[in-house]
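Trainee: Below is the file data-v1.cif, with mmCIF, C-alpha atoms.
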data_final
loop_
_atom_site.label_atom_id
_atom_site.label_comp_id
_atom_site.auth_asym_id
_atom_site.auth_seq_id
_atom_site.Cartn_x
_atom_site.Cartn_y
_atom_site.Cartn_z
CA MET G 458 0.00 0.00 0.00
CA LYS G 459 2.86 2.40 0.75
CA GLU G 460 4.17 2.02 -2.81
CA LEU G 461 0.76 3.01 -4.19
CA ALA G 462 0.55 6.04 -1.90
CA ASP G 463 4.10 7.07 -2.91
CA TYR G 464 3.24 6.63 -6.59
CA LYS G 465 0.13 8.79 -6.16
CA GLN G 466 2.19 11.55 -4.51
CA GLU G 467 4.76 11.37 -7.31
CA ILE G 468 2.02 11.72 -9.96
CA LEU G 469 0.52 14.70 -8.11
CA ARG G 470 3.95 16.34 -7.83
CA LYS G 471 4.67 15.82 -11.53
CA THR G 472 1.21 17.07 -12.51
CA GLU G 473 1.88 20.27 -10.55
CA LEU G 474 5.28 20.59 -12.24
CA LEU G 475 3.64 20.14 -15.67
CA ARG G 476 1.15 22.90 -14.87
CA GLU G 477 4.00 25.21 -13.82
CA LYS G 478 6.05 24.47 -16.94
CA VAL G 479 3.07 25.02 -19.25
CA ALA G 480 2.24 28.33 -17.55
CA GLU G 481 5.88 29.49 -17.71
CA ARG G 482 6.08 28.60 -21.40
CA LEU G 483 2.77 30.37 -22.14
CA ALA G 484 3.98 33.47 -20.30
CA ASP G 485 7.33 33.46 -22.12
CA GLU G 486 5.66 33.09 -25.53
CA ALA G 487 3.12 35.83 -24.74
CA LYS G 488 5.83 38.21 -23.45
CA SER G 489 7.74 37.69 -26.66
CA GLY G 490 4.61 38.47 -28.70
CA PHE G 491 3.82 41.66 -26.79
CA SER G 492 7.44 42.84 -26.84
CA GLY G 493 7.86 45.70 -29.31
CA ALA G 494 4.19 45.67 -30.32
CA ILE G 495 2.91 48.94 -31.74
CA VAL G 496 -0.44 49.97 -30.30
CA ASP G 497 -0.88 53.17 -32.31
CA GLU G 498 0.57 54.33 -35.56
CA LEU G 499 0.14 58.07 -35.05
CA ILE G 500 0.11 60.28 -38.12
CA LEU G 501 2.23 63.39 -37.78
CA LYS G 502 2.09 66.64 -39.74
CA GLY G 503 3.38 66.01 -43.23
CA GLY G 504 2.06 62.42 -43.24
CA GLN G 505 4.95 60.84 -41.39
CA THR G 506 4.07 58.22 -38.79
CA SER G 507 5.23 57.69 -35.25
CA PRO G 508 4.67 54.41 -33.44
CA ARG G 509 3.48 54.23 -29.84
CA TYR G 510 4.64 51.00 -28.28
CA ALA G 511 2.36 48.85 -26.14
CA GLN G 512 2.80 48.71 -22.39
CA VAL G 513 1.77 45.18 -21.37
CA ASP G 514 2.82 43.06 -18.42
CA VAL G 515 2.46 39.27 -18.58
CA SER G 516 2.36 37.34 -15.32
CA VAL G 517 1.57 33.90 -13.96
CA ASP G 518 -1.02 33.77 -11.20
CA ASN G 519 -1.43 30.57 -9.16
CA ARG G 520 -4.95 30.27 -7.79
CA GLY G 521 -5.09 27.04 -5.85
CA SER G 522 -5.33 24.20 -8.33
CA VAL G 523 -5.61 26.61 -11.29
CA THR G 524 -2.82 28.63 -12.86
CA VAL G 525 -3.67 31.62 -15.02
CA VAL G 526 -1.44 33.55 -17.42
CA VAL G 527 -2.55 37.19 -17.43
CA ALA G 528 -1.70 39.98 -19.87
CA SER G 529 -2.41 43.27 -18.12
CA GLY G 530 -2.29 46.85 -19.26
CA GLU G 531 -4.69 48.94 -21.29
CA ASP G 532 -2.81 48.12 -24.50
CA ALA G 533 -3.11 44.32 -24.20
CA VAL G 534 -6.53 44.10 -25.83
CA TRP G 535 -5.48 46.21 -28.84
CA VAL G 536 -2.34 44.18 -29.45
CA GLU G 537 -4.24 40.90 -29.12
CA PHE G 538 -7.28 41.76 -31.27
CA GLY G 539 -6.11 44.74 -33.33
CA ALA G 540 -7.81 48.06 -33.93
CA GLY G 541 -8.99 49.66 -37.14
CA VAL G 542 -9.67 48.56 -40.70
CA TYR G 543 -6.38 49.97 -42.00
CA HIS G 544 -4.51 46.95 -40.59
CA ASN G 545 -7.21 44.35 -39.91
CA GLY G 546 -9.81 44.01 -42.63
CA SER G 547 -13.42 45.02 -42.92
CA PRO G 548 -15.63 46.35 -40.10
CA GLY G 549 -17.37 43.63 -38.13
CA SER G 550 -14.70 41.05 -38.94
CA SER G 551 -11.77 39.96 -36.82
CA PRO G 552 -8.36 38.63 -37.81
CA HIS G 553 -8.19 36.90 -34.41
CA PRO G 554 -9.40 33.26 -34.38
CA HIS G 555 -11.68 33.99 -31.39
CA GLY G 556 -12.34 37.69 -31.96
CA ALA G 557 -15.88 37.44 -33.30
CA GLU G 558 -17.05 34.94 -30.67
CA LEU G 559 -15.66 37.21 -27.93
CA GLY G 560 -17.29 40.29 -29.45
CA MET G 561 -13.93 41.81 -30.40
CA THR G 562 -14.62 42.85 -33.97
CA ILE G 563 -13.03 45.64 -35.98
CA GLY G 564 -14.93 48.88 -35.43
CA GLY G 565 -17.06 47.29 -32.72
CA PHE G 566 -15.57 49.07 -29.70
CA GLY G 567 -16.48 52.46 -28.26
CA LYS G 568 -17.67 54.95 -30.85
CA GLY G 569 -16.85 52.63 -33.75
CA ASN G 570 -13.94 54.74 -34.98
CA GLY G 571 -12.06 51.62 -36.01
CA LYS G 572 -14.44 51.39 -38.99
CA LYS G 573 -12.50 54.33 -40.45
CA GLU G 574 -8.99 54.11 -41.90
CA VAL G 575 -7.94 57.09 -39.77
CA TRP G 576 -9.53 58.54 -36.66
CA GLY G 577 -8.60 61.14 -34.12
CA PHE G 578 -8.54 61.61 -30.38
CA TYR G 579 -7.27 64.26 -28.03
CA GLU G 580 -4.35 63.59 -25.73
CA ASN G 581 -3.18 66.38 -23.41
CA GLY G 582 -5.17 68.86 -25.50
CA GLU G 583 -3.48 67.83 -28.75
CA LEU G 584 -5.29 66.09 -31.62
CA LYS G 585 -3.74 62.72 -32.43
CA LEU G 586 -4.59 60.85 -35.63
CA SER G 587 -4.33 57.07 -35.65
CA ARG G 588 -4.56 54.18 -38.06
CA GLY G 589 -4.91 51.71 -35.19
CA THR G 590 -2.78 48.62 -34.84
CA PRO G 591 -2.57 45.19 -36.43
CA ALA G 592 -3.73 42.21 -34.40
CA ARG G 593 -0.57 40.46 -33.19
CA MET G 594 -2.47 37.85 -31.15
CA PRO G 595 0.34 37.05 -28.69
CA MET G 596 -1.91 35.15 -26.29
CA ALA G 597 -3.60 33.09 -29.01
CA LEU G 598 -0.26 32.32 -30.66
CA ALA G 599 1.26 31.39 -27.28
CA ILE G 600 -1.53 28.87 -26.72
CA THR G 601 -1.01 27.40 -30.19
CA ALA G 602 2.76 27.10 -29.64
CA VAL G 603 2.36 25.40 -26.27
CA CYS G 604 -0.34 23.05 -27.57
CA ASN G 605 1.99 22.05 -30.40
CA ASP G 606 4.74 21.28 -27.86
CA ILE G 607 2.64 19.80 -25.05
CA GLN G 608 3.83 16.27 -25.74
CA SER G 609 7.49 17.21 -25.38
CA ILE G 610 6.76 19.29 -22.25
CA ALA G 611 4.92 16.34 -20.70
CA LYS G 612 7.72 13.96 -21.69
CA GLU G 613 10.23 16.28 -19.99
CA VAL G 614 8.20 16.13 -16.76
CA PHE G 615 7.01 12.53 -16.73
CA GLY G 616 9.94 10.96 -18.57
#
Show me, as structure tokens, the structure contained in the file I just sent.

Mentor:
Amino acid sequence: MKELADYKQEILRKTELLREKVAERLADEAKSGFSGAIVDELILKGGQTSPRYAQVDVSVDNRGSVTVVVASGEDAVWVEFGAGVYHNGSPGSSPHPHGAELGMTIGGFGKGNGKKEVWGFYENGELKLSRGTPARMPMALAITAVCNDIQSIAKEVFG
């Protein structure tokens, strides 16, 4: 009976290790995808553009028997799902594989400005013109990468 109890504990320990390794890999992949992402392509006088880079933090949050990988920061949603038709296709569509089902369609947020190729907003009293940002989908791509490698990750843990 002791051997069975020891085996059970070993399986539980390795299952926890697998969960940790998967979460770490997801976080690393997502961080890489968010790194250097442009959240706004601002149009300057004379037609030149100036990128505004996304500020996104990716973390792993252990919640009991569940581990969650979280992308936080107001720019995360724009980098994941994109903004504006200039980079992402027609209004109401989504380049993201889960965008439509999650209600994240192009031009579907706020005042619907993303339906236009260029829109403006005021920042510190100055008019800024934007073409939005392409959907980079770092979280979705991280999940795909980890799913493609899950067998090798499990083999590393369980032998």

Trainee: Using Å and a single decimal, report how far atom CA of Gly503 of chain G sits from atom CA of Gly565 of chain G.

Mentor: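 Taking atom CA of Gly565 of chain G and atom CA of Gly503 of chain G, their separation equals 29.6 Å.
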
Trainee: Please list as a ChimeraX atom specification every residue within 8 Å of segment 589-594 of chain G, counting only C-alpha atoms and excluding residues in the same chain fewer than 4 positions away.

Mentor: /G:490-491,494-498,535-545,552-553,571,575,598

Trainee: Which one is closest to Pro508 of chain G: G:Glu486, G:Gly567, G:Lys585, G:Gly556? Count all atoms listed in the file.

Mentor: G:Lys585

Trainee: Rounded to one decimal, what separation in Å do you get between atom CA of Thr506 of chain G and atom CA of Ala597 of chain G?

Mentor: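 Those two atoms sit 28.0 Å apart.
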
Trainee: Tell me, as a ChimeraX atom specification, which residues lie within 12 Å of segment 475-485 of chain G, counting only C-alpha atoms; anything in the same chain fewer than 2 positions away does not count.

Mentor: /G:468-473,487-492,513-529,595-616

Trainee: Could you tell me which of G:Gly564, G:Trp576, G:Asn581, G:Pro554 comes closest to Leu499 of chain G if we count all atoms listed in the file?

Mentor: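 Using all atoms listed in the file, Leu499 of chain G sits closest to G:Trp576.
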
Trainee: Restricting the calculation to only C-alpha atoms: of G:Leu501, G:Ala462, G:Leu584, G:Val534, which residue gets closest to Gly560 of chain G?

Mentor: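 Smallest separation from Gly560 of chain G among the options: G:Val534.
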
Trainee: Extract, using only C-alpha atoms, all DNA, RNA and protein residues at most 7 Å from Ile500 of chain G, discarding same-chain residues fewer than 6 positions from it, and format them as a list in words.

Mentor: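 After dropping sequence-adjacent residues, the list is Thr506, Ser507, Leu586 and Ser587 of chain G.
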
Trainee: Point out the residue among G:Leu474, G:Ala557, G:Ala511, G:Leu461 with the least atom-to-atom distance to Gly530 of chain G, counting all atoms listed in the file.

Mentor: G:Ala511

Trainee: Assuming 4 Å of padding per side, give the centre and edge lengths of the axis-aligned box around every listed atom of segment 492-506 of chain G, in Å to one decimal and as lines of an AutoDock Vina configuration file.

Mentor:
center_x = 3.5
center_y = 54.7
center_z = -35.0
size_x = 16.7
size_y = 31.8
size_z = 24.4

Trainee: For Arg588 of chain G, which residue out of G:Asp532, G:Phe566, G:Gly549, G:Arg509 is the nearest one, using all atoms listed in the file?

Mentor: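 Selected residue with least distance to Arg588 of chain G: G:Arg509.
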
Trainee: What does the structure give for the distance between atom CA of Ser547 of chain G and atom CA of Gln512 of chain G, in Å to one decimal?

Mentor: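 Distance reported for this atom pair: 26.4 Å.
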
Trainee: For a quick check of understanding, using only C-alpha atoms, which of G:Gly504, G:Pro548, G:Leu559, G:Glu531 has the smallest distance to Lys572 of chain G?

Mentor: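 Between G:Gly504, G:Pro548, G:Leu559, G:Glu531, the residue approaching Lys572 of chain G most closely is G:Pro548.
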
Trainee: Generate the missing atoms of segment 575-586 of chain G up to all heavy atoms and report them as a PDB file, in the coordinates of the input.

Mentor:
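Saved as rebuild-v1.pdb:
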ATOM      1  N   VAL G 575      -8.642  56.165 -40.673  1.00  0.00           N
ATOM      2  CA  VAL G 575      -7.940  57.090 -39.770  1.00  0.00           C
ATOM      3  C   VAL G 575      -8.989  57.712 -38.863  1.00  0.00           C
ATOM      4  O   VAL G 575     -10.084  58.045 -39.310  1.00  0.00           O
ATOM      5  CB  VAL G 575      -7.217  58.205 -40.560  1.00  0.00           C
ATOM      6  CG1 VAL G 575      -6.564  59.203 -39.606  1.00  0.00           C
ATOM      7  CG2 VAL G 575      -6.182  57.631 -41.509  1.00  0.00           C
ATOM      8  N   TRP G 576      -8.653  57.849 -37.584  1.00  0.00           N
ATOM      9  CA  TRP G 576      -9.530  58.540 -36.660  1.00  0.00           C
ATOM     10  C   TRP G 576      -8.691  59.349 -35.689  1.00  0.00           C
ATOM     11  O   TRP G 576      -7.481  59.145 -35.586  1.00  0.00           O
ATOM     12  CB  TRP G 576     -10.473  57.586 -35.919  1.00  0.00           C
ATOM     13  CG  TRP G 576      -9.794  56.620 -35.000  1.00  0.00           C
ATOM     14  CD1 TRP G 576      -9.541  56.803 -33.671  1.00  0.00           C
ATOM     15  CD2 TRP G 576      -9.299  55.322 -35.320  1.00  0.00           C
ATOM     16  NE1 TRP G 576      -8.907  55.711 -33.145  1.00  0.00           N
ATOM     17  CE2 TRP G 576      -8.746  54.772 -34.145  1.00  0.00           C
ATOM     18  CE3 TRP G 576      -9.260  54.562 -36.484  1.00  0.00           C
ATOM     19  CZ2 TRP G 576      -8.165  53.523 -34.107  1.00  0.00           C
ATOM     20  CZ3 TRP G 576      -8.680  53.314 -36.440  1.00  0.00           C
ATOM     21  CH2 TRP G 576      -8.154  52.804 -35.262  1.00  0.00           C
ATOM     22  N   GLY G 577      -9.338  60.265 -35.015  1.00  0.00           N
ATOM     23  CA  GLY G 577      -8.600  61.140 -34.120  1.00  0.00           C
ATOM     24  C   GLY G 577      -9.091  61.076 -32.693  1.00  0.00           C
ATOM     25  O   GLY G 577     -10.224  60.660 -32.424  1.00  0.00           O
ATOM     26  N   PHE G 578      -8.202  61.485 -31.794  1.00  0.00           N
ATOM     27  CA  PHE G 578      -8.540  61.610 -30.380  1.00  0.00           C
ATOM     28  C   PHE G 578      -7.628  62.677 -29.790  1.00  0.00           C
ATOM     29  O   PHE G 578      -6.578  62.992 -30.348  1.00  0.00           O
ATOM     30  CB  PHE G 578      -8.378  60.266 -29.638  1.00  0.00           C
ATOM     31  CG  PHE G 578      -6.987  59.702 -29.696  1.00  0.00           C
ATOM     32  CD1 PHE G 578      -6.064  59.973 -28.691  1.00  0.00           C
ATOM     33  CD2 PHE G 578      -6.601  58.879 -30.747  1.00  0.00           C
ATOM     34  CE1 PHE G 578      -4.780  59.444 -28.734  1.00  0.00           C
ATOM     35  CE2 PHE G 578      -5.318  58.351 -30.800  1.00  0.00           C
ATOM     36  CZ  PHE G 578      -4.404  58.637 -29.794  1.00  0.00           C
ATOM     37  N   TYR G 579      -8.070  63.234 -28.696  1.00  0.00           N
ATOM     38  CA  TYR G 579      -7.270  64.260 -28.030  1.00  0.00           C
ATOM     39  C   TYR G 579      -6.488  63.653 -26.881  1.00  0.00           C
ATOM     40  O   TYR G 579      -7.017  62.869 -26.103  1.00  0.00           O
ATOM     41  CB  TYR G 579      -8.161  65.405 -27.520  1.00  0.00           C
ATOM     42  CG  TYR G 579      -8.630  66.299 -28.639  1.00  0.00           C
ATOM     43  CD1 TYR G 579      -9.845  66.088 -29.262  1.00  0.00           C
ATOM     44  CD2 TYR G 579      -7.814  67.348 -29.077  1.00  0.00           C
ATOM     45  CE1 TYR G 579     -10.261  66.905 -30.311  1.00  0.00           C
ATOM     46  CE2 TYR G 579      -8.226  68.167 -30.120  1.00  0.00           C
ATOM     47  CZ  TYR G 579      -9.449  67.941 -30.730  1.00  0.00           C
ATOM     48  OH  TYR G 579      -9.841  68.744 -31.761  1.00  0.00           O
ATOM     49  N   GLU G 580      -5.218  64.023 -26.813  1.00  0.00           N
ATOM     50  CA  GLU G 580      -4.350  63.590 -25.730  1.00  0.00           C
ATOM     51  C   GLU G 580      -3.594  64.826 -25.247  1.00  0.00           C
ATOM     52  O   GLU G 580      -2.873  65.449 -26.042  1.00  0.00           O
ATOM     53  CB  GLU G 580      -3.394  62.507 -26.240  1.00  0.00           C
ATOM     54  CG  GLU G 580      -2.528  61.886 -25.175  1.00  0.00           C
ATOM     55  CD  GLU G 580      -1.713  60.742 -25.747  1.00  0.00           C
ATOM     56  OE1 GLU G 580      -0.626  60.999 -26.289  1.00  0.00           O
ATOM     57  OE2 GLU G 580      -2.183  59.593 -25.655  1.00  0.00           O
ATOM     58  N   ASN G 581      -3.801  65.175 -23.987  1.00  0.00           N
ATOM     59  CA  ASN G 581      -3.180  66.380 -23.410  1.00  0.00           C
ATOM     60  C   ASN G 581      -3.490  67.621 -24.253  1.00  0.00           C
ATOM     61  O   ASN G 581      -2.626  68.462 -24.494  1.00  0.00           O
ATOM     62  CB  ASN G 581      -1.672  66.212 -23.264  1.00  0.00           C
ATOM     63  CG  ASN G 581      -1.318  65.065 -22.354  1.00  0.00           C
ATOM     64  OD1 ASN G 581      -2.001  64.807 -21.370  1.00  0.00           O
ATOM     65  ND2 ASN G 581      -0.250  64.351 -22.687  1.00  0.00           N
ATOM     66  N   GLY G 582      -4.731  67.704 -24.743  1.00  0.00           N
ATOM     67  CA  GLY G 582      -5.170  68.860 -25.500  1.00  0.00           C
ATOM     68  C   GLY G 582      -4.711  68.891 -26.950  1.00  0.00           C
ATOM     69  O   GLY G 582      -5.008  69.830 -27.678  1.00  0.00           O
ATOM     70  N   GLU G 583      -4.002  67.870 -27.386  1.00  0.00           N
ATOM     71  CA  GLU G 583      -3.480  67.830 -28.750  1.00  0.00           C
ATOM     72  C   GLU G 583      -4.206  66.730 -29.544  1.00  0.00           C
ATOM     73  O   GLU G 583      -4.367  65.610 -29.060  1.00  0.00           O
ATOM     74  CB  GLU G 583      -1.979  67.541 -28.724  1.00  0.00           C
ATOM     75  CG  GLU G 583      -1.331  67.546 -30.082  1.00  0.00           C
ATOM     76  CD  GLU G 583       0.162  67.223 -30.021  1.00  0.00           C
ATOM     77  OE1 GLU G 583       0.742  67.253 -28.913  1.00  0.00           O
ATOM     78  OE2 GLU G 583       0.736  66.932 -31.071  1.00  0.00           O
ATOM     79  N   LEU G 584      -4.627  67.066 -30.759  1.00  0.00           N
ATOM     80  CA  LEU G 584      -5.290  66.090 -31.620  1.00  0.00           C
ATOM     81  C   LEU G 584      -4.267  65.079 -32.129  1.00  0.00           C
ATOM     82  O   LEU G 584      -3.229  65.447 -32.679  1.00  0.00           O
ATOM     83  CB  LEU G 584      -5.969  66.783 -32.807  1.00  0.00           C
ATOM     84  CG  LEU G 584      -6.630  65.852 -33.826  1.00  0.00           C
ATOM     85  CD1 LEU G 584      -7.770  65.055 -33.179  1.00  0.00           C
ATOM     86  CD2 LEU G 584      -7.115  66.633 -35.031  1.00  0.00           C
ATOM     87  N   LYS G 585      -4.575  63.811 -31.929  1.00  0.00           N
ATOM     88  CA  LYS G 585      -3.740  62.720 -32.430  1.00  0.00           C
ATOM     89  C   LYS G 585      -4.556  61.965 -33.462  1.00  0.00           C
ATOM     90  O   LYS G 585      -5.727  61.663 -33.241  1.00  0.00           O
ATOM     91  CB  LYS G 585      -3.349  61.752 -31.310  1.00  0.00           C
ATOM     92  CG  LYS G 585      -2.664  62.389 -30.130  1.00  0.00           C
ATOM     93  CD  LYS G 585      -1.230  62.655 -30.419  1.00  0.00           C
ATOM     94  CE  LYS G 585      -0.541  63.164 -29.160  1.00  0.00           C
ATOM     95  NZ  LYS G 585       0.884  63.181 -29.283  1.00  0.00           N
ATOM     96  N   LEU G 586      -3.945  61.652 -34.602  1.00  0.00           N
ATOM     97  CA  LEU G 586      -4.590  60.850 -35.630  1.00  0.00           C
ATOM     98  C   LEU G 586      -3.965  59.468 -35.623  1.00  0.00           C
ATOM     99  O   LEU G 586      -2.746  59.330 -35.531  1.00  0.00           O
ATOM    100  CB  LEU G 586      -4.426  61.505 -37.007  1.00  0.00           C
ATOM    101  CG  LEU G 586      -5.056  62.877 -37.161  1.00  0.00           C
ATOM    102  CD1 LEU G 586      -4.759  63.446 -38.548  1.00  0.00           C
ATOM    103  CD2 LEU G 586      -6.560  62.825 -36.913  1.00  0.00           C
TER     104      LEU G 586
END
